[in-house]
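Encoded as structure tokens, the structure appears first; notes follow it.
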Amino acid sequence: MDDMKENAGGNIVLIVTPINALVDNQISILHEHGIEATVLRSKSWYANPTDNEEDGTDTPKDCEENLAGLSLDTTTVRKIKQGMFKIIFSHPEAFISCLEGRRLRMSSVLQNNVVSCVADEGHLVEEWGVEFRKDFVKLSQLGSLFPKALLLVLTATAPKHVREALTNTLLLSNPRVVVANLDRSNISIYKEKRMPASAGEDSFKAILVPIANNLKNLLREYPLTLIYLPPKWCGYAFKLFSDILGEKSYFPPGVIKPENCLSAQFHSLQTELMKNEIMKQLQGCDKSRSIHVVFATVAIGIGVNIHNIRHVIHITVPGTIECYY
């Protein structure tokens, strides 16, 4: 990075990222620090696709060319071509298979001023790129699209075999690999055996009911808790908590609004408005937070910084050991 030279129009960093919730949060932080940033989104890709393999929602059609275009207004396109954004986030579908995105990436300002390409949450290249979101495995094109730019791949969940696979998939030649120790002295892992799935609702109630009762007693003093569940059980858990807490489900008491509920659901079927509200509260000030228990799929854990979270509960076994982290 020390070899970068300031271009006439200013250096630009292109960040390839998987989901909207992560992008929106990072753009907000950049704007707070006075850094101009935007995001390229393809109209053909739904907003938060990370639950696909869990809840059966449809994936986009496998096609070489996406004619749907970008979800950008003319003002944003003009500002991109003028080099006014220093950081540009993009879903891989927006500049690889999207025709409009491909034209934009070939604009003179991007060809001349992109000094670094960042693949955020790089492990998804291997996890999603084979069948789910196939443009991920085409990120090796970054080297030919921006031959003078440095490529940085970031992830917190890439064991040795994933790092080796990424090196091959992205066609990296002798990459410099920086690995940090995963151990954290302030984090402990516990396990408990729950009732078998054949017990149906009782298998989940045995774990959820004590948590709901503690939340009812402590209300906003209850420590922030994230509970991972399959999508079909998130709604069940939310209703169970509402039934147990009753009129205490909302804070302030009597103000019945979704954003005032002590529990919430975060998954692909949730509205974008509510997902944004959940992320806003989880990443905001503790004193202003109403939500203290979130029922979620893995979508909420990708690259998101949540302050002062105290409990992370996997009620069902994650598909891979990496999902624990």
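Convention: chains lettered A, B, ... in structure tokens order; per-chain residue numbering from 1; ligands numbered from 1 as shown.
Within 8 Å of range 26-37 of chain A there are Leu22, Val23, Met84, Phe85, Lys86, Ile87, Ile88 and Phe89 of chain A, counting only C-alpha atoms and ignoring same-chain residues fewer than 3 positions away.
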Which residues are close to range 213-220 of chain A, i.e. within 8 Å by only C-alpha atoms, leaving aside same-chain residues fewer than 5 positions away? Reply as a VMD selection string. chain A and resid 244 to 245 248 to 249 262 290 292
Residues of the last selection are to be written out with N, CA and C atoms, as a short mmCIF file (atom, residue, chain, number, x, y, z; two decimals), in the first residue's frame.
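Saved the output as result.cif:
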```cif
data_model
loop_
_atom_site.label_atom_id
_atom_site.label_comp_id
_atom_site.auth_asym_id
_atom_site.auth_seq_id
_atom_site.Cartn_x
_atom_site.Cartn_y
_atom_site.Cartn_z
N ILE A 244 -45.26 -14.57 26.48
CA ILE A 244 -44.76 -14.62 27.86
C ILE A 244 -44.61 -13.24 28.46
N LEU A 245 -44.10 -12.29 27.71
CA LEU A 245 -43.89 -10.94 28.24
C LEU A 245 -45.18 -10.13 28.30
N LYS A 248 -45.41 -6.29 28.83
CA LYS A 248 -44.03 -5.87 29.06
C LYS A 248 -43.15 -6.06 27.83
N SER A 249 -43.76 -6.47 26.70
CA SER A 249 -42.99 -6.71 25.48
C SER A 249 -42.40 -5.43 24.91
N LEU A 262 -38.90 -5.41 22.88
CA LEU A 262 -37.67 -5.90 23.51
C LEU A 262 -37.04 -7.04 22.73
N SER A 290 -33.94 -0.41 22.66
CA SER A 290 -35.09 -1.16 23.18
C SER A 290 -34.90 -2.65 22.97
N HIS A 292 -33.38 -6.17 22.98
CA HIS A 292 -32.35 -6.84 23.78
C HIS A 292 -32.19 -8.32 23.44
#
```
Range 66-277 of chain A: which residues are strand (DSSP E) by DSSP, as a PDB file with N, CA and C atoms, in the first residue's frame?
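Once written, result03.pdb looks like this:
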```pdb
ATOM      1  N   ILE A  87     -14.546   5.848  -1.946  1.00  0.00           N
ATOM      2  CA  ILE A  87     -14.771   4.426  -1.686  1.00  0.00           C
ATOM      3  C   ILE A  87     -16.070   4.008  -2.360  1.00  0.00           C
ATOM      4  N   ILE A  88     -16.007   2.947  -3.172  1.00  0.00           N
ATOM      5  CA  ILE A  88     -17.184   2.432  -3.865  1.00  0.00           C
ATOM      6  C   ILE A  88     -17.394   0.986  -3.448  1.00  0.00           C
ATOM      7  N   PHE A  89     -18.514   0.730  -2.788  1.00  0.00           N
ATOM      8  CA  PHE A  89     -18.894  -0.632  -2.437  1.00  0.00           C
ATOM      9  C   PHE A  89     -19.669  -1.228  -3.615  1.00  0.00           C
ATOM     10  N   SER A  90     -19.616  -2.533  -3.750  1.00  0.00           N
ATOM     11  CA  SER A  90     -20.350  -3.175  -4.834  1.00  0.00           C
ATOM     12  C   SER A  90     -20.636  -4.629  -4.506  1.00  0.00           C
ATOM     13  N   VAL A 114      -8.729   3.597  -9.621  1.00  0.00           N
ATOM     14  CA  VAL A 114      -8.887   2.510  -8.640  1.00  0.00           C
ATOM     15  C   VAL A 114      -7.505   1.962  -8.295  1.00  0.00           C
ATOM     16  N   VAL A 115      -7.100   2.134  -7.047  1.00  0.00           N
ATOM     17  CA  VAL A 115      -5.763   1.712  -6.615  1.00  0.00           C
ATOM     18  C   VAL A 115      -5.800   0.436  -5.791  1.00  0.00           C
ATOM     19  N   SER A 116      -6.986   0.069  -5.324  1.00  0.00           N
ATOM     20  CA  SER A 116      -7.087  -1.145  -4.520  1.00  0.00           C
ATOM     21  C   SER A 116      -8.489  -1.735  -4.653  1.00  0.00           C
ATOM     22  N   CYS A 117      -8.538  -3.070  -4.763  1.00  0.00           N
ATOM     23  CA  CYS A 117      -9.802  -3.802  -4.766  1.00  0.00           C
ATOM     24  C   CYS A 117      -9.836  -4.677  -3.517  1.00  0.00           C
ATOM     25  N   VAL A 118     -10.919  -4.577  -2.759  1.00  0.00           N
ATOM     26  CA  VAL A 118     -11.046  -5.320  -1.504  1.00  0.00           C
ATOM     27  C   VAL A 118     -12.209  -6.295  -1.604  1.00  0.00           C
ATOM     28  N   ALA A 119     -11.948  -7.554  -1.345  1.00  0.00           N
ATOM     29  CA  ALA A 119     -13.008  -8.560  -1.277  1.00  0.00           C
ATOM     30  C   ALA A 119     -13.316  -8.796   0.197  1.00  0.00           C
ATOM     31  N   LEU A 150      -4.007  -3.091  -6.156  1.00  0.00           N
ATOM     32  CA  LEU A 150      -3.699  -4.143  -5.200  1.00  0.00           C
ATOM     33  C   LEU A 150      -4.994  -4.851  -4.805  1.00  0.00           C
ATOM     34  N   LEU A 151      -4.930  -6.155  -4.555  1.00  0.00           N
ATOM     35  CA  LEU A 151      -6.101  -6.916  -4.143  1.00  0.00           C
ATOM     36  C   LEU A 151      -5.936  -7.343  -2.687  1.00  0.00           C
ATOM     37  N   LEU A 152      -6.934  -6.983  -1.885  1.00  0.00           N
ATOM     38  CA  LEU A 152      -6.932  -7.326  -0.466  1.00  0.00           C
ATOM     39  C   LEU A 152      -8.173  -8.172  -0.178  1.00  0.00           C
ATOM     40  N   VAL A 153      -7.986  -9.355   0.393  1.00  0.00           N
ATOM     41  CA  VAL A 153      -9.092 -10.242   0.739  1.00  0.00           C
ATOM     42  C   VAL A 153      -9.188 -10.310   2.257  1.00  0.00           C
ATOM     43  N   THR A 225     -28.632 -10.188  23.651  1.00  0.00           N
ATOM     44  CA  THR A 225     -28.527 -11.615  23.322  1.00  0.00           C
ATOM     45  C   THR A 225     -28.928 -11.855  21.871  1.00  0.00           C
ATOM     46  N   LEU A 226     -28.114 -12.626  21.172  1.00  0.00           N
ATOM     47  CA  LEU A 226     -28.392 -13.001  19.790  1.00  0.00           C
ATOM     48  C   LEU A 226     -28.634 -14.507  19.747  1.00  0.00           C
ATOM     49  N   ILE A 227     -29.806 -14.917  19.226  1.00  0.00           N
ATOM     50  CA  ILE A 227     -30.171 -16.325  19.178  1.00  0.00           C
ATOM     51  C   ILE A 227     -30.302 -16.758  17.723  1.00  0.00           C
ATOM     52  N   TYR A 228     -29.425 -17.662  17.300  1.00  0.00           N
ATOM     53  CA  TYR A 228     -29.466 -18.167  15.924  1.00  0.00           C
ATOM     54  C   TYR A 228     -30.464 -19.319  15.823  1.00  0.00           C
ATOM     55  N   SER A 263     -37.780  -7.672  21.814  1.00  0.00           N
ATOM     56  CA  SER A 263     -37.237  -8.733  20.983  1.00  0.00           C
ATOM     57  C   SER A 263     -37.528  -8.429  19.516  1.00  0.00           C
ATOM     58  N   ALA A 264     -36.768  -9.068  18.612  1.00  0.00           N
ATOM     59  CA  ALA A 264     -36.939  -8.785  17.181  1.00  0.00           C
ATOM     60  C   ALA A 264     -36.458  -9.973  16.376  1.00  0.00           C
ATOM     61  N   GLN A 265     -36.857  -9.998  15.080  1.00  0.00           N
ATOM     62  CA  GLN A 265     -36.439 -11.046  14.156  1.00  0.00           C
ATOM     63  C   GLN A 265     -35.613 -10.430  13.029  1.00  0.00           C
ATOM     64  N   PHE A 266     -34.518 -11.104  12.653  1.00  0.00           N
ATOM     65  CA  PHE A 266     -33.684 -10.636  11.552  1.00  0.00           C
ATOM     66  C   PHE A 266     -33.421 -11.810  10.614  1.00  0.00           C
TER      67      PHE A 266
END
```
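Shortest separation to Asn276 in chain A among A:Glu192, A:Gln141, A:Ala199, A:Ile300 occurs at residue A:Ile300, atoms counted being only C-alpha atoms.
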Just checking: using only C-alpha atoms, which residue out of A:Ile207, A:Leu170, A:Leu14, A:Val125 ends up closest to Leu110 in chain A? A:Leu14
Which polymer residues have any atom within 8 Å of an atom of Thr297 in chain A, counting only C-alpha atoms, with same-chain residues fewer than 4 positions away left out, as number ranges by chain? A: 51, 228-231, 266-267
Would you mind listing what lies within 12 Å of Ser173 in chain A as a PyMOL selection string, with only C-alpha atoms counted and same-chain residues fewer than 4 positions away left out? chain A and resi 140+143+151+164+166-169+177
Since we have the selection now, will you write its residues out, keeping all heavy atoms, as a PDB file, in the first residue's frame?
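Resulting contents of selection08.pdb:
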```pdb
ATOM      1  N   SER A 140     -11.860 -13.332  -9.521  1.00  0.00           N
ATOM      2  CA  SER A 140     -10.498 -13.375 -10.050  1.00  0.00           C
ATOM      3  C   SER A 140     -10.350 -12.372 -11.197  1.00  0.00           C
ATOM      4  O   SER A 140      -9.222 -11.986 -11.548  1.00  0.00           O
ATOM      5  CB  SER A 140     -10.156 -14.783 -10.533  1.00  0.00           C
ATOM      6  OG  SER A 140     -11.073 -15.219 -11.531  1.00  0.00           O
ATOM      7  N   GLY A 143      -8.247  -8.828 -11.093  1.00  0.00           N
ATOM      8  CA  GLY A 143      -6.860  -8.629 -11.484  1.00  0.00           C
ATOM      9  C   GLY A 143      -6.702  -8.141 -12.904  1.00  0.00           C
ATOM     10  O   GLY A 143      -5.776  -7.375 -13.207  1.00  0.00           O
ATOM     11  N   LEU A 151      -4.930  -6.155  -4.555  1.00  0.00           N
ATOM     12  CA  LEU A 151      -6.101  -6.916  -4.143  1.00  0.00           C
ATOM     13  C   LEU A 151      -5.936  -7.343  -2.687  1.00  0.00           C
ATOM     14  O   LEU A 151      -4.944  -7.957  -2.315  1.00  0.00           O
ATOM     15  CB  LEU A 151      -6.282  -8.154  -5.025  1.00  0.00           C
ATOM     16  CG  LEU A 151      -7.432  -9.091  -4.631  1.00  0.00           C
ATOM     17  CD1 LEU A 151      -8.767  -8.354  -4.670  1.00  0.00           C
ATOM     18  CD2 LEU A 151      -7.463 -10.316  -5.538  1.00  0.00           C
ATOM     19  N   GLU A 164      -6.265 -21.579   1.304  1.00  0.00           N
ATOM     20  CA  GLU A 164      -5.637 -22.208   0.131  1.00  0.00           C
ATOM     21  C   GLU A 164      -6.585 -22.208  -1.061  1.00  0.00           C
ATOM     22  O   GLU A 164      -6.170 -21.953  -2.204  1.00  0.00           O
ATOM     23  CB  GLU A 164      -5.211 -23.627   0.482  1.00  0.00           C
ATOM     24  CG  GLU A 164      -4.071 -23.686   1.499  1.00  0.00           C
ATOM     25  CD  GLU A 164      -3.761 -25.104   1.929  1.00  0.00           C
ATOM     26  OE1 GLU A 164      -4.571 -26.009   1.612  1.00  0.00           O
ATOM     27  OE2 GLU A 164      -2.723 -25.316   2.589  1.00  0.00           O
ATOM     28  N   LEU A 166      -9.014 -20.061  -1.607  1.00  0.00           N
ATOM     29  CA  LEU A 166      -9.130 -18.677  -2.073  1.00  0.00           C
ATOM     30  C   LEU A 166      -7.953 -18.290  -2.960  1.00  0.00           C
ATOM     31  O   LEU A 166      -8.116 -17.606  -3.972  1.00  0.00           O
ATOM     32  CB  LEU A 166      -9.203 -17.719  -0.873  1.00  0.00           C
ATOM     33  CG  LEU A 166     -10.558 -17.595  -0.182  1.00  0.00           C
ATOM     34  CD1 LEU A 166     -10.430 -16.769   1.092  1.00  0.00           C
ATOM     35  CD2 LEU A 166     -11.569 -16.951  -1.120  1.00  0.00           C
ATOM     36  N   THR A 167      -6.769 -18.725  -2.583  1.00  0.00           N
ATOM     37  CA  THR A 167      -5.584 -18.430  -3.377  1.00  0.00           C
ATOM     38  C   THR A 167      -5.727 -18.982  -4.789  1.00  0.00           C
ATOM     39  O   THR A 167      -5.385 -18.311  -5.779  1.00  0.00           O
ATOM     40  CB  THR A 167      -4.326 -19.014  -2.711  1.00  0.00           C
ATOM     41  OG1 THR A 167      -4.162 -18.432  -1.415  1.00  0.00           O
ATOM     42  CG2 THR A 167      -3.084 -18.737  -3.543  1.00  0.00           C
ATOM     43  N   ASN A 168      -6.266 -20.188  -4.892  1.00  0.00           N
ATOM     44  CA  ASN A 168      -6.443 -20.806  -6.209  1.00  0.00           C
ATOM     45  C   ASN A 168      -7.602 -20.167  -6.981  1.00  0.00           C
ATOM     46  O   ASN A 168      -7.467 -19.859  -8.166  1.00  0.00           O
ATOM     47  CB  ASN A 168      -6.692 -22.310  -6.045  1.00  0.00           C
ATOM     48  CG  ASN A 168      -5.493 -23.041  -5.497  1.00  0.00           C
ATOM     49  OD1 ASN A 168      -4.355 -22.655  -5.762  1.00  0.00           O
ATOM     50  ND2 ASN A 168      -5.726 -24.088  -4.721  1.00  0.00           N
ATOM     51  N   THR A 169      -8.729 -19.967  -6.317  1.00  0.00           N
ATOM     52  CA  THR A 169      -9.912 -19.429  -6.993  1.00  0.00           C
ATOM     53  C   THR A 169      -9.685 -18.013  -7.495  1.00  0.00           C
ATOM     54  O   THR A 169     -10.102 -17.653  -8.604  1.00  0.00           O
ATOM     55  CB  THR A 169     -11.125 -19.448  -6.040  1.00  0.00           C
ATOM     56  OG1 THR A 169     -11.369 -20.789  -5.615  1.00  0.00           O
ATOM     57  CG2 THR A 169     -12.370 -18.904  -6.729  1.00  0.00           C
ATOM     58  N   VAL A 177      -0.019 -13.482   3.412  1.00  0.00           N
ATOM     59  CA  VAL A 177      -1.132 -13.898   4.263  1.00  0.00           C
ATOM     60  C   VAL A 177      -0.875 -13.450   5.697  1.00  0.00           C
ATOM     61  O   VAL A 177       0.162 -13.764   6.274  1.00  0.00           O
ATOM     62  CB  VAL A 177      -1.340 -15.423   4.214  1.00  0.00           C
ATOM     63  CG1 VAL A 177      -2.509 -15.834   5.111  1.00  0.00           C
ATOM     64  CG2 VAL A 177      -1.578 -15.879   2.778  1.00  0.00           C
TER      65      VAL A 177
END
```
Tell me which protein, DNA and RNA residues are within 12 Å of Asp73 in chain A, counting only C-alpha atoms, leaving out same-chain ones fewer than 5 positions away, and put them as a ChimeraX atom specification. /A:38-41,78-80
Apply DSSP to the structure's backbone, then extract all residues of range 32-234 of chain A labelled helix (DSSP H, G or I) and return them as a PyMOL selection string. chain A and resi 32+49-55+74-81+92-95+99-105+108-113+124-128+134-145+160-169+197-199+201-221+231-234
Mind checking which residues fall within 9 Å of Val162 in chain A, counting only C-alpha atoms, ignoring those fewer than 5 positions away in the same chain, and posting them as a PyMOL selection string? chain A and resi 123+126+157+167
